[in-house]
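Here is run_28.txt, consisting of compact mmCIF, C-alpha atoms:
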```txt
# COMPACT_ATOMS: atom_id res chain seq x y z
CA MET A 1 -7.44 -34.76 36.00
CA ASN A 2 -3.63 -34.64 36.02
CA ASP A 3 -1.51 -32.08 34.12
CA ARG A 4 -1.08 -34.38 31.15
CA ASN A 5 -4.82 -34.70 30.74
CA LYS A 6 -5.58 -31.05 31.39
CA ILE A 7 -7.17 -29.53 28.29
CA ASP A 8 -5.88 -26.20 27.08
CA THR A 9 -8.83 -24.08 25.94
CA PHE A 10 -6.64 -22.61 23.22
CA ASP A 11 -6.35 -26.15 21.81
CA PHE A 12 -10.10 -26.06 21.12
CA ILE A 13 -9.67 -22.94 19.05
CA ARG A 14 -6.58 -24.25 17.29
CA SER A 15 -8.32 -27.55 16.56
CA ILE A 16 -11.41 -25.83 15.11
CA ASP A 17 -9.15 -23.65 12.96
CA GLY A 18 -7.11 -26.65 11.77
CA GLU A 19 -3.93 -25.40 13.40
CA LEU A 20 -3.15 -28.50 15.49
CA THR A 21 -0.62 -31.05 14.36
CA GLU A 22 -1.74 -34.63 13.82
CA MET A 23 -0.30 -35.69 17.16
CA GLU A 24 -1.90 -32.77 19.01
CA THR A 25 -5.27 -33.57 17.40
CA ARG A 26 -5.06 -37.20 18.52
CA ARG A 27 -4.18 -36.17 22.06
CA LEU A 28 -7.08 -33.67 22.16
CA GLU A 29 -9.52 -36.30 20.92
CA GLU A 30 -8.39 -38.67 23.64
CA GLN A 31 -8.77 -35.99 26.25
CA LEU A 32 -12.25 -35.06 25.02
CA LEU A 33 -13.36 -38.68 25.25
CA ARG A 34 -12.58 -38.62 28.95
CA ALA A 35 -14.12 -35.20 29.63
CA PRO A 36 -17.81 -34.81 28.62
CA GLU A 37 -18.06 -31.21 29.79
CA ALA A 38 -15.04 -30.19 27.73
CA ARG A 39 -16.47 -32.12 24.80
CA GLN A 40 -19.71 -30.15 25.08
CA GLU A 41 -17.79 -26.88 25.17
CA TYR A 42 -15.76 -27.97 22.16
CA GLN A 43 -18.93 -28.79 20.20
CA ARG A 44 -20.39 -25.43 21.15
CA LEU A 45 -17.36 -23.57 19.84
CA LYS A 46 -17.36 -25.65 16.68
CA ARG A 47 -21.01 -24.84 16.07
CA LEU A 48 -20.28 -21.17 16.64
CA SER A 49 -17.46 -21.27 14.12
CA GLU A 50 -19.77 -22.87 11.54
CA LEU A 51 -22.44 -20.26 12.19
CA VAL A 52 -19.97 -17.43 11.72
CA ARG A 53 -18.63 -19.00 8.54
CA GLN A 54 -22.14 -19.37 7.13
CA SER A 55 -23.11 -15.86 8.09
CA ALA A 56 -19.94 -14.15 6.97
CA THR A 57 -19.47 -15.80 3.60
CA VAL A 58 -21.29 -15.32 0.37
CA ASP A 59 -22.06 -17.75 -2.44
CA LEU A 60 -21.38 -16.30 -5.85
CA HIS A 61 -23.45 -17.54 -8.76
CA ALA A 62 -21.71 -18.40 -12.00
CA THR A 63 -23.21 -15.32 -13.65
CA GLU A 64 -21.94 -13.10 -10.85
CA LYS A 65 -18.47 -14.57 -11.20
CA GLU A 66 -18.60 -14.06 -14.93
CA HIS A 67 -19.77 -10.48 -14.56
CA PHE A 68 -17.09 -9.82 -11.94
CA HIS A 69 -14.34 -11.00 -14.25
CA SER A 70 -15.60 -9.41 -17.43
CA SER A 71 -15.92 -6.07 -15.66
CA LEU A 72 -12.55 -6.50 -13.95
CA ASN A 73 -10.75 -7.51 -17.15
CA ALA A 74 -12.21 -4.56 -19.04
CA GLN A 75 -10.92 -2.17 -16.39
CA LEU A 76 -7.55 -3.93 -16.21
CA GLU A 77 -7.16 -3.42 -19.95
CA ILE A 78 -7.95 0.27 -19.61
CA ILE A 79 -5.30 0.61 -16.88
CA GLN A 80 -2.82 -1.32 -19.00
CA SER A 81 -3.46 0.83 -22.07
CA LYS A 82 -3.09 4.01 -19.99
CA ARG A 83 0.17 2.75 -18.59
CA PHE A 84 1.34 1.82 -22.08
CA THR A 85 0.34 5.25 -23.39
CA LYS A 86 2.29 6.97 -20.63
CA ASP A 87 5.43 4.90 -21.26
CA GLN A 88 5.15 5.21 -25.00
CA ARG A 89 4.46 8.94 -25.14
CA LEU A 90 8.14 9.90 -24.86
CA THR A 91 9.27 7.10 -27.16
CA ASN A 92 6.72 8.13 -29.74
CA ARG A 93 7.83 11.74 -29.61
CA LEU A 94 11.44 10.70 -30.11
CA SER A 95 10.62 8.31 -32.93
CA SER A 96 8.44 10.90 -34.66
CA PHE A 97 11.54 13.13 -34.82
CA PHE A 98 13.18 10.61 -37.12
CA HIS A 99 10.25 10.67 -39.52
CA ILE A 100 10.67 14.34 -40.47
CA PRO A 101 12.85 15.33 -43.56
CA TRP A 102 16.64 15.22 -43.03
CA GLN A 103 16.98 18.96 -43.77
CA TRP A 104 14.76 19.75 -40.82
CA GLN A 105 16.61 17.27 -38.65
CA THR A 106 19.93 18.92 -39.53
CA ALA A 107 18.53 22.38 -38.88
CA ALA A 108 17.15 21.25 -35.54
CA ALA A 109 20.50 19.71 -34.64
CA PHE A 110 22.34 22.97 -35.52
CA ILE A 111 19.90 25.01 -33.47
CA LEU A 112 20.35 22.65 -30.57
CA VAL A 113 24.16 22.86 -30.78
CA PHE A 114 23.96 26.64 -31.06
CA LEU A 115 21.71 26.88 -28.02
CA LEU A 116 24.04 24.67 -26.05
CA CYS A 117 27.03 26.84 -27.00
CA ILE A 118 25.45 30.16 -25.97
CA PRO A 119 26.75 29.99 -22.41
CA PHE A 120 30.32 29.68 -23.77
CA PHE A 121 29.94 32.62 -26.20
CA ASN A 122 28.58 34.86 -23.53
CA SER A 123 31.00 33.83 -20.88
CA ALA A 124 31.99 36.96 -18.98
CA PRO A 125 35.64 37.40 -17.98
CA PRO A 126 36.28 35.94 -14.60
CA GLU A 127 35.81 38.36 -11.81
CA LYS A 128 38.87 39.65 -10.06
CA GLU A 129 39.06 37.89 -6.83
CA GLU A 130 41.23 40.07 -4.77
CA PHE A 131 42.22 43.65 -4.73
CA PHE A 132 45.00 44.87 -2.57
CA TRP A 133 47.58 47.46 -2.05
CA THR A 134 51.10 46.48 -1.28
CA SER A 135 53.91 48.72 -0.42
CA ILE A 136 57.28 47.23 -0.95
CA SER A 137 59.81 49.80 -1.74
CA SER A 138 60.51 53.41 -2.33
CA ASP A 139 62.82 52.30 -5.06
CA TYR A 140 60.98 52.28 -8.40
CA LYS A 141 63.44 49.74 -9.79
CA GLY A 142 62.53 47.45 -6.94
CA VAL A 143 58.87 47.70 -7.96
CA GLN A 144 59.70 46.89 -11.55
CA PHE A 145 61.77 43.90 -10.44
CA PHE A 146 58.84 42.63 -8.39
CA LEU A 147 56.46 43.01 -11.33
CA GLU A 148 58.74 41.16 -13.68
CA SER A 149 59.22 38.28 -11.30
CA ASN A 150 55.67 37.90 -9.83
CA ALA A 151 52.98 40.18 -11.07
CA THR A 152 52.65 38.82 -14.59
CA ALA A 153 52.28 35.27 -13.34
CA GLU A 154 49.83 35.73 -10.52
CA TYR A 155 48.65 39.33 -10.63
CA ASP A 156 47.40 41.95 -13.02
CA LEU A 157 49.01 45.30 -12.49
CA ILE A 158 46.54 48.15 -12.08
CA TRP A 159 48.55 51.09 -11.04
CA VAL A 160 52.06 51.85 -9.93
CA VAL A 161 52.28 54.58 -7.39
CA THR A 162 55.10 56.86 -8.34
CA GLU A 163 56.71 59.78 -6.54
CA GLU A 164 54.49 62.16 -8.51
CA ASP A 165 51.38 60.43 -7.25
CA GLU A 166 52.88 60.55 -3.85
CA GLU A 167 53.02 64.32 -3.90
CA GLU A 168 49.25 64.48 -4.47
CA GLU A 169 48.57 62.22 -1.50
CA GLU A 170 47.34 63.93 1.57
CA ASP A 171 49.22 61.51 3.73
CA PRO A 172 52.91 62.33 3.46
CA ASP A 173 53.85 58.94 4.90
CA SER A 174 51.98 57.03 2.18
CA PRO A 175 54.56 54.65 0.76
CA LEU A 176 55.37 53.88 -2.83
CA GLY A 177 53.86 50.70 -4.16
CA PHE A 178 51.42 49.25 -6.66
CA LEU A 179 47.83 48.09 -6.98
CA LEU A 180 47.25 44.55 -8.08
CA TYR A 181 44.38 42.18 -8.83
CA LYS A 182 44.97 38.59 -8.13
CA LYS A 183 44.18 36.50 -11.21
CA VAL A 184 41.28 34.08 -10.78
CA MET B 1 5.80 -30.40 -4.94
CA SER B 2 2.51 -29.19 -6.37
CA GLY B 3 2.56 -26.38 -3.81
CA MET B 4 5.97 -25.34 -5.10
CA ALA B 5 4.66 -25.46 -8.64
CA VAL B 6 1.71 -23.26 -7.70
CA GLN B 7 4.08 -20.91 -5.90
CA ARG B 8 6.33 -20.69 -8.93
CA ASP B 9 3.32 -20.08 -11.14
CA GLU B 10 2.21 -17.25 -8.91
CA ALA B 11 5.68 -15.72 -8.99
CA GLU B 12 5.68 -15.92 -12.78
CA LEU B 13 2.22 -14.37 -12.96
CA ILE B 14 3.29 -11.53 -10.68
CA GLN B 15 6.37 -10.97 -12.84
CA SER B 16 4.22 -10.85 -15.98
CA ALA B 17 1.72 -8.52 -14.32
CA GLN B 18 4.57 -6.21 -13.32
CA GLU B 19 5.63 -6.16 -16.94
CA GLY B 20 2.11 -4.95 -17.76
CA ASP B 21 0.34 -8.20 -18.66
CA CYS B 22 -3.20 -7.67 -17.42
CA HIS B 23 -4.23 -11.22 -18.36
CA ALA B 24 -1.66 -12.62 -15.97
CA PHE B 25 -3.10 -10.41 -13.27
CA GLY B 26 -6.58 -11.61 -14.23
CA LEU B 27 -5.50 -15.16 -13.41
CA LEU B 28 -4.22 -14.05 -10.03
CA ALA B 29 -7.50 -12.23 -9.44
CA GLU B 30 -9.43 -15.38 -10.16
CA LYS B 31 -7.41 -17.23 -7.58
CA TYR B 32 -8.10 -14.73 -4.80
CA ARG B 33 -11.59 -13.57 -5.84
CA ASP B 34 -13.75 -15.77 -3.60
CA SER B 35 -11.69 -15.22 -0.52
CA LEU B 36 -11.54 -11.46 -1.08
CA VAL B 37 -15.28 -11.23 -1.67
CA ASN B 38 -15.98 -13.28 1.45
CA VAL B 39 -13.73 -11.19 3.66
CA ALA B 40 -15.27 -8.01 2.25
CA PHE B 41 -18.72 -9.45 2.89
CA GLY B 42 -17.69 -10.27 6.47
CA PHE B 43 -16.94 -6.60 7.03
CA LEU B 44 -19.62 -4.97 4.91
CA ARG B 45 -22.51 -7.46 5.16
CA GLU B 46 -23.76 -6.57 1.69
CA LYS B 47 -23.02 -8.69 -1.33
CA GLU B 48 -22.99 -5.84 -3.86
CA ASP B 49 -20.62 -3.79 -1.73
CA ALA B 50 -18.42 -6.83 -1.15
CA LEU B 51 -18.11 -7.47 -4.88
CA ASP B 52 -17.47 -3.82 -5.50
CA VAL B 53 -14.72 -3.54 -2.87
CA ALA B 54 -13.09 -6.81 -3.96
CA GLN B 55 -12.91 -5.49 -7.50
CA GLU B 56 -11.60 -2.15 -6.32
CA THR B 57 -8.92 -3.99 -4.35
CA LEU B 58 -7.75 -5.89 -7.42
CA LEU B 59 -7.74 -2.78 -9.61
CA LYS B 60 -5.78 -0.84 -7.02
CA ALA B 61 -3.32 -3.71 -6.73
CA PHE B 62 -2.81 -3.81 -10.49
CA ARG B 63 -2.23 -0.05 -10.63
CA LYS B 64 0.42 -0.37 -7.93
CA ILE B 65 1.87 -3.72 -8.96
CA ASP B 66 5.14 -2.07 -10.05
CA GLY B 67 5.73 -1.08 -6.45
CA PHE B 68 4.99 -4.55 -5.08
CA LYS B 69 8.12 -6.03 -3.59
CA ARG B 70 8.38 -9.75 -3.24
CA GLU B 71 9.39 -9.37 0.42
CA SER B 72 5.78 -10.01 1.42
CA SER B 73 3.39 -12.36 -0.30
CA LEU B 74 0.70 -11.19 -2.68
CA TYR B 75 -2.20 -12.25 -0.47
CA THR B 76 -0.84 -10.26 2.49
CA TRP B 77 -0.66 -7.22 0.26
CA LEU B 78 -4.12 -7.79 -1.24
CA TYR B 79 -5.82 -8.31 2.12
CA ARG B 80 -4.20 -5.20 3.53
CA ILE B 81 -5.59 -3.18 0.65
CA LEU B 82 -8.97 -4.88 1.08
CA ILE B 83 -9.20 -4.16 4.80
CA ASN B 84 -8.37 -0.50 4.25
CA LEU B 85 -10.98 -0.20 1.51
CA CYS B 86 -13.57 -1.90 3.72
CA LYS B 87 -12.79 0.57 6.50
CA ASP B 88 -13.20 3.45 4.05
CA ARG B 89 -16.52 2.04 2.85
CA LEU B 90 -17.82 1.63 6.39
CA ARG B 91 -16.79 5.21 7.23
CA TYR B 92 -18.54 6.44 4.10
CA ARG B 93 -21.67 4.49 4.98
CA LYS B 94 -21.67 5.89 8.48
CA ARG B 95 -21.46 9.45 7.16
CA LYS B 96 -24.14 8.75 4.58
CA LYS B 97 -26.42 7.21 7.18
CA GLU B 98 -26.00 10.20 9.48
CA ILE B 99 -26.94 12.54 6.66
CA TYR B 100 -29.85 10.31 5.67
CA ILE B 101 -31.28 10.18 9.17
CA GLU B 102 -30.82 13.93 9.59
CA ASP B 103 -32.72 14.51 6.36
CA LEU B 104 -35.58 12.27 7.43
CA GLY B 105 -35.83 13.82 10.86
CA GLU B 106 -37.62 11.99 13.64
CA GLU B 107 -39.52 9.71 11.32
CA GLY B 108 -36.35 8.67 9.53
CA ALA B 109 -35.06 6.78 12.53
CA VAL B 110 -37.97 4.36 12.44
CA PHE B 111 -38.11 4.04 8.66
CA GLU B 112 -37.81 0.48 7.40
CA PHE B 113 -37.64 -0.84 3.88
CA PRO B 114 -40.62 -2.97 2.99
CA ASP B 115 -40.03 -6.67 2.49
CA SER B 116 -39.29 -7.65 -1.05
CA GLY B 117 -42.03 -10.27 -0.83
CA PRO B 118 -43.00 -13.40 1.02
CA SER B 119 -40.19 -15.97 1.30
CA PRO B 120 -40.17 -19.59 2.51
CA ARG B 121 -40.10 -19.93 6.26
CA ARG B 122 -36.82 -21.79 6.46
CA LEU B 123 -35.10 -19.23 4.30
CA ALA B 124 -36.43 -16.48 6.51
CA GLU B 125 -35.22 -18.28 9.62
CA LYS B 126 -31.78 -18.77 8.09
CA ARG B 127 -31.58 -15.10 7.17
CA GLU B 128 -32.68 -14.10 10.63
CA ARG B 129 -30.02 -16.34 12.20
CA GLU B 130 -27.36 -14.95 9.91
CA ARG B 131 -28.43 -11.42 10.71
CA CYS B 132 -28.13 -12.15 14.44
CA VAL B 133 -24.61 -13.50 13.98
CA GLN B 134 -23.60 -10.60 11.75
CA ASP B 135 -24.97 -8.11 14.28
CA ALA B 136 -23.03 -9.83 17.03
CA ILE B 137 -19.82 -9.82 14.95
CA ALA B 138 -20.31 -6.11 14.25
CA THR B 139 -20.21 -5.34 17.96
CA LEU B 140 -16.82 -7.02 18.50
CA PRO B 141 -13.71 -4.87 19.05
CA GLU B 142 -12.13 -4.04 15.69
CA LYS B 143 -8.99 -6.15 16.04
CA GLN B 144 -10.93 -9.20 17.15
CA ARG B 145 -13.43 -8.71 14.34
CA GLN B 146 -10.64 -8.46 11.76
CA ALA B 147 -9.01 -11.67 12.97
CA LEU B 148 -12.34 -13.50 13.06
CA ILE B 149 -13.40 -12.41 9.58
CA LEU B 150 -10.02 -13.20 8.04
CA ARG B 151 -10.19 -16.63 9.64
CA GLU B 152 -13.82 -17.55 9.03
CA SER B 153 -14.62 -15.67 5.83
CA GLY B 154 -11.19 -15.73 4.25
CA GLY B 155 -10.18 -19.16 5.54
CA LEU B 156 -6.69 -17.88 6.30
CA SER B 157 -4.25 -19.55 8.66
CA TYR B 158 -2.94 -17.94 11.85
CA LYS B 159 0.36 -17.30 10.14
CA GLU B 160 -1.29 -15.52 7.22
CA ILE B 161 -3.53 -13.47 9.49
CA ALA B 162 -0.53 -12.51 11.61
CA ARG B 163 1.29 -11.25 8.51
CA ILE B 164 -1.70 -9.25 7.32
CA LEU B 165 -2.44 -7.68 10.69
CA GLY B 166 1.24 -7.26 11.56
CA CYS B 167 1.17 -9.17 14.84
CA GLN B 168 2.32 -12.48 16.34
CA GLU B 169 0.53 -15.77 15.71
CA GLY B 170 -0.12 -16.04 19.43
CA THR B 171 -1.87 -12.68 19.34
CA VAL B 172 -4.09 -13.89 16.50
CA MET B 173 -5.01 -16.98 18.48
CA SER B 174 -5.77 -14.89 21.53
CA ARG B 175 -7.91 -12.45 19.53
CA LEU B 176 -9.84 -15.33 17.99
CA PHE B 177 -10.35 -16.94 21.37
CA HIS B 178 -11.72 -13.77 22.94
CA ALA B 179 -13.78 -12.93 19.87
CA ARG B 180 -15.50 -16.31 19.94
CA LYS B 181 -16.02 -16.20 23.68
CA MET B 182 -17.64 -12.78 23.43
CA LEU B 183 -19.65 -13.82 20.39
CA ALA B 184 -21.01 -16.90 22.16
CA LEU B 185 -22.13 -14.79 25.10
CA LYS B 186 -23.83 -12.26 22.85
CA LEU B 187 -25.61 -14.90 20.81
CA GLU B 188 -26.78 -16.70 23.93
CA SER B 189 -28.19 -13.48 25.29
CA ILE B 190 -30.07 -12.82 22.03
CA THR B 191 -31.28 -16.33 21.33
CA GLY B 192 -30.36 -19.13 23.69
CA ASP B 193 -30.75 -22.05 21.30
CA LEU B 194 -28.53 -20.77 18.52
CA LEU B 195 -25.51 -22.79 19.61
CA GLU B 196 -27.44 -25.88 20.66
```
For this file, write the structure as structure tokens.
Amino acid sequence: MNDRNKIDTFDFIRSIDGELTEMETRRLEEQLLRAPEARQEYQRLKRLSELVRQSATVDLHATEKEHFHSSLNAQLEIIQSKRFTKDQRLTNRLSSFFHIPWQWQTAAAFILVFLLCIPFFNSAPPEKEEFFWTSISSDYKGVQFFLESNATAEYDLIWVVTEEDEEEEEDPDSPLGFLLYKKV
Amino acid sequence: MSGMAVQRDEAELIQSAQEGDCHAFGLLAEKYRDSLVNVAFGFLREKEDALDVAQETLLKAFRKIDGFKRESSLYTWLYRILINLCKDRLRYRKRKKEIYIEDLGEEGAVFEFPDSGPSPRRLAEKRERERCVQDAIATLPEKQRQALILRESGGLSYKEIARILGCQEGTVMSRLFHARKMLALKLESITGDLLE
């Protein structure tokens, strides 16, 4: 038997399963005609396939089919209605709002607006971000000049250290200056 | 052309089912019912269980139909669900059987249900033959058994089986080849004339 006539065992399986092309089927049939042993093996596998098919399949009677579908459809409808209920629950709640008297609707709207505005009414003043001490001059006029030019724009003045304050300081070298908060 | 029409119909039915039309899904269920029941029977070997699992598969699919993406085909998706449910059922049976045998003690192991009544000889022979084949299939390695049942019970092509099992077509062919080879040996050892 030359290579051309050599039968691939996988071809048996593919033929039984209907996976061979028309040309491949014809070639296999020709090969089987020339090889009785291979033909016997092929028939054996075919018989096995039929046996498996018979053993592993079930015939459903018309009543069984009917029962299967009636039971299935009933359950499908339950699932569908549950799904519908879930989707519609929110819509229904919203639509029911529009069925109540307009006075109540207005009151509810006012309450809602009021509740939404609470955070703005209660808004605390922004926290001071920075606190620092700067010493710039022993000249009080110099301090005033600095305040006029910068402090009002960017800083809040807390305390100006004067010469009187300076006398109370334990540290004699403590310079004159002012305390500022940086505006947030 | 007709294939394309059927395909388009299926796509339309899926679309309708995703929009919540259970009747559209019912039509799809009708199309796949026999094949699903057969595959389930191949795994479970009991008609009632097969019908039950096939129905469970379809209900589960309908519940999750919103999440079904058209990247894979419906049958691939359905058979995957079915196989998983069959596995669950077999696991449950195994647990139940263990408990049952434990409860019955020594005598439980040899307990047999009485015959439901005398049946014609040929029918009995056919049942016996089918039981032999089913027993032999049950002893196959899981992957080979899956491929064989999807092929023989479900009538699916290599391509479809490959998609469901997530492997190459060549692998399916190889699994089927080895499954049949092993099955033939087992059946010959049990009863020599079965394949004659």
* Counting all atoms listed in the file, chain A residues within 9 Å of chain B, as a ChimeraX atom specification -> /A:9-10,13-14,17-19,43-45,47-60,65,68-69,71-73,75-77,79-80,83-84
Provide an axis-aligned box for all listed atoms of range 175-184 of chain B, padding each side by 8 Å; report its centre and its edge lengths in Å to one decimal, as lines of an AutoDock Vina configuration file.
```
center_x = -14.5
center_y = -14.7
center_z = 20.8
size_x = 29.1
size_y = 20.5
size_z = 21.7
```
* To do: Enter the distance from CA of Leu20 in chain A to CA of Ser72 in chain B, in Å, rounded to one decimal.
  => 24.9 Å
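Take CA of Leu74 in chain B and CA of Ala179 in chain B: the distance between them is 26.9 Å.
Among the candidate residues A:Ile100, A:Asp11, A:Tyr42, A:Ile78, the one lying nearest to Arg27 in chain A is A:Asp11, with distances computed using only C-alpha atoms.
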* To do: Could you jot down the CA of Ile14 in chain B to CA of Lys31 in chain B separation for me, Å, one decimal place?
  => 12.5 Å
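Residues in contact with Gly166 in chain B at up to 12 Å, not including ones fewer than 6 positions away on its chain and judged by only C-alpha atoms, are Ser72, Thr76, Trp77, Tyr79, Arg80, Lys143, Gln146, Ala147, Tyr158, Lys159, Glu160 and Val172 of chain B.
Using only C-alpha atoms, the nearest neighbour of Thr57 in chain B within the list B:Ala11, B:Leu36, B:Ala24, B:Leu82 is B:Leu82.
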Please reconstruct the missing atoms of range 135-159 of chain B (target: N, CA and C atoms) and return them as an mmCIF file, in the coordinates of the input.
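What landed in out.cif:
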```
data_model
loop_
_atom_site.group_PDB
_atom_site.id
_atom_site.type_symbol
_atom_site.label_atom_id
_atom_site.label_comp_id
_atom_site.auth_asym_id
_atom_site.auth_seq_id
_atom_site.Cartn_x
_atom_site.Cartn_y
_atom_site.Cartn_z
ATOM 1 N N ASP B 135 -24.828 -9.216 13.317
ATOM 2 C CA ASP B 135 -24.970 -8.110 14.280
ATOM 3 C C ASP B 135 -24.001 -8.292 15.441
ATOM 4 N N ALA B 136 -23.917 -9.543 15.889
ATOM 5 C CA ALA B 136 -23.030 -9.830 17.030
ATOM 6 C C ALA B 136 -21.566 -9.605 16.630
ATOM 7 N N ILE B 137 -21.205 -10.022 15.422
ATOM 8 C CA ILE B 137 -19.820 -9.820 14.950
ATOM 9 C C ILE B 137 -19.518 -8.314 14.863
ATOM 10 N N ALA B 138 -20.507 -7.555 14.417
ATOM 11 C CA ALA B 138 -20.310 -6.110 14.250
ATOM 12 C C ALA B 138 -20.011 -5.400 15.565
ATOM 13 N N THR B 139 -20.434 -6.006 16.667
ATOM 14 C CA THR B 139 -20.210 -5.340 17.960
ATOM 15 C C THR B 139 -18.849 -5.698 18.573
ATOM 16 N N LEU B 140 -18.127 -6.615 17.954
ATOM 17 C CA LEU B 140 -16.820 -7.020 18.500
ATOM 18 C C LEU B 140 -15.797 -5.897 18.352
ATOM 19 N N PRO B 141 -14.795 -5.846 19.243
ATOM 20 C CA PRO B 141 -13.710 -4.870 19.050
ATOM 21 C C PRO B 141 -13.046 -5.083 17.685
ATOM 22 N N GLU B 142 -12.599 -3.995 17.085
ATOM 23 C CA GLU B 142 -12.130 -4.040 15.690
ATOM 24 C C GLU B 142 -11.075 -5.113 15.419
ATOM 25 N N LYS B 143 -10.079 -5.197 16.295
ATOM 26 C CA LYS B 143 -8.990 -6.150 16.040
ATOM 27 C C LYS B 143 -9.473 -7.598 16.095
ATOM 28 N N GLN B 144 -10.371 -7.847 17.035
ATOM 29 C CA GLN B 144 -10.930 -9.200 17.150
ATOM 30 C C GLN B 144 -11.789 -9.516 15.926
ATOM 31 N N ARG B 145 -12.553 -8.521 15.505
ATOM 32 C CA ARG B 145 -13.430 -8.710 14.340
ATOM 33 C C ARG B 145 -12.598 -9.003 13.088
ATOM 34 N N GLN B 146 -11.510 -8.244 12.930
ATOM 35 C CA GLN B 146 -10.640 -8.460 11.760
ATOM 36 C C GLN B 146 -10.097 -9.883 11.740
ATOM 37 N N ALA B 147 -9.587 -10.319 12.903
ATOM 38 C CA ALA B 147 -9.010 -11.670 12.970
ATOM 39 C C ALA B 147 -10.068 -12.728 12.671
ATOM 40 N N LEU B 148 -11.263 -12.526 13.248
ATOM 41 C CA LEU B 148 -12.340 -13.500 13.060
ATOM 42 C C LEU B 148 -12.797 -13.575 11.594
ATOM 43 N N ILE B 149 -12.943 -12.429 10.979
ATOM 44 C CA ILE B 149 -13.400 -12.410 9.580
ATOM 45 C C ILE B 149 -12.341 -12.993 8.641
ATOM 46 N N LEU B 150 -11.081 -12.643 8.897
ATOM 47 C CA LEU B 150 -10.020 -13.200 8.040
ATOM 48 C C LEU B 150 -9.958 -14.717 8.182
ATOM 49 N N ARG B 151 -10.239 -15.181 9.396
ATOM 50 C CA ARG B 151 -10.190 -16.630 9.640
ATOM 51 C C ARG B 151 -11.429 -17.321 9.034
ATOM 52 N N GLU B 152 -12.595 -16.841 9.411
ATOM 53 C CA GLU B 152 -13.820 -17.550 9.030
ATOM 54 C C GLU B 152 -14.269 -17.249 7.593
ATOM 55 N N SER B 153 -14.167 -16.007 7.189
ATOM 56 C CA SER B 153 -14.620 -15.670 5.830
ATOM 57 C C SER B 153 -13.525 -15.928 4.811
ATOM 58 N N GLY B 154 -12.297 -15.575 5.190
ATOM 59 C CA GLY B 154 -11.190 -15.730 4.250
ATOM 60 C C GLY B 154 -10.543 -17.099 4.296
ATOM 61 N N GLY B 155 -10.781 -17.831 5.382
ATOM 62 C CA GLY B 155 -10.180 -19.160 5.540
ATOM 63 C C GLY B 155 -8.673 -19.109 5.646
ATOM 64 N N LEU B 156 -8.141 -18.027 6.209
ATOM 65 C CA LEU B 156 -6.690 -17.880 6.300
ATOM 66 C C LEU B 156 -6.136 -18.522 7.569
ATOM 67 N N SER B 157 -4.892 -18.929 7.493
ATOM 68 C CA SER B 157 -4.250 -19.550 8.660
ATOM 69 C C SER B 157 -3.793 -18.472 9.633
ATOM 70 N N TYR B 158 -3.416 -18.902 10.840
ATOM 71 C CA TYR B 158 -2.940 -17.940 11.850
ATOM 72 C C TYR B 158 -1.731 -17.173 11.322
ATOM 73 N N LYS B 159 -0.875 -17.902 10.641
ATOM 74 C CA LYS B 159 0.360 -17.300 10.140
ATOM 75 C C LYS B 159 0.035 -16.192 9.122
#
```
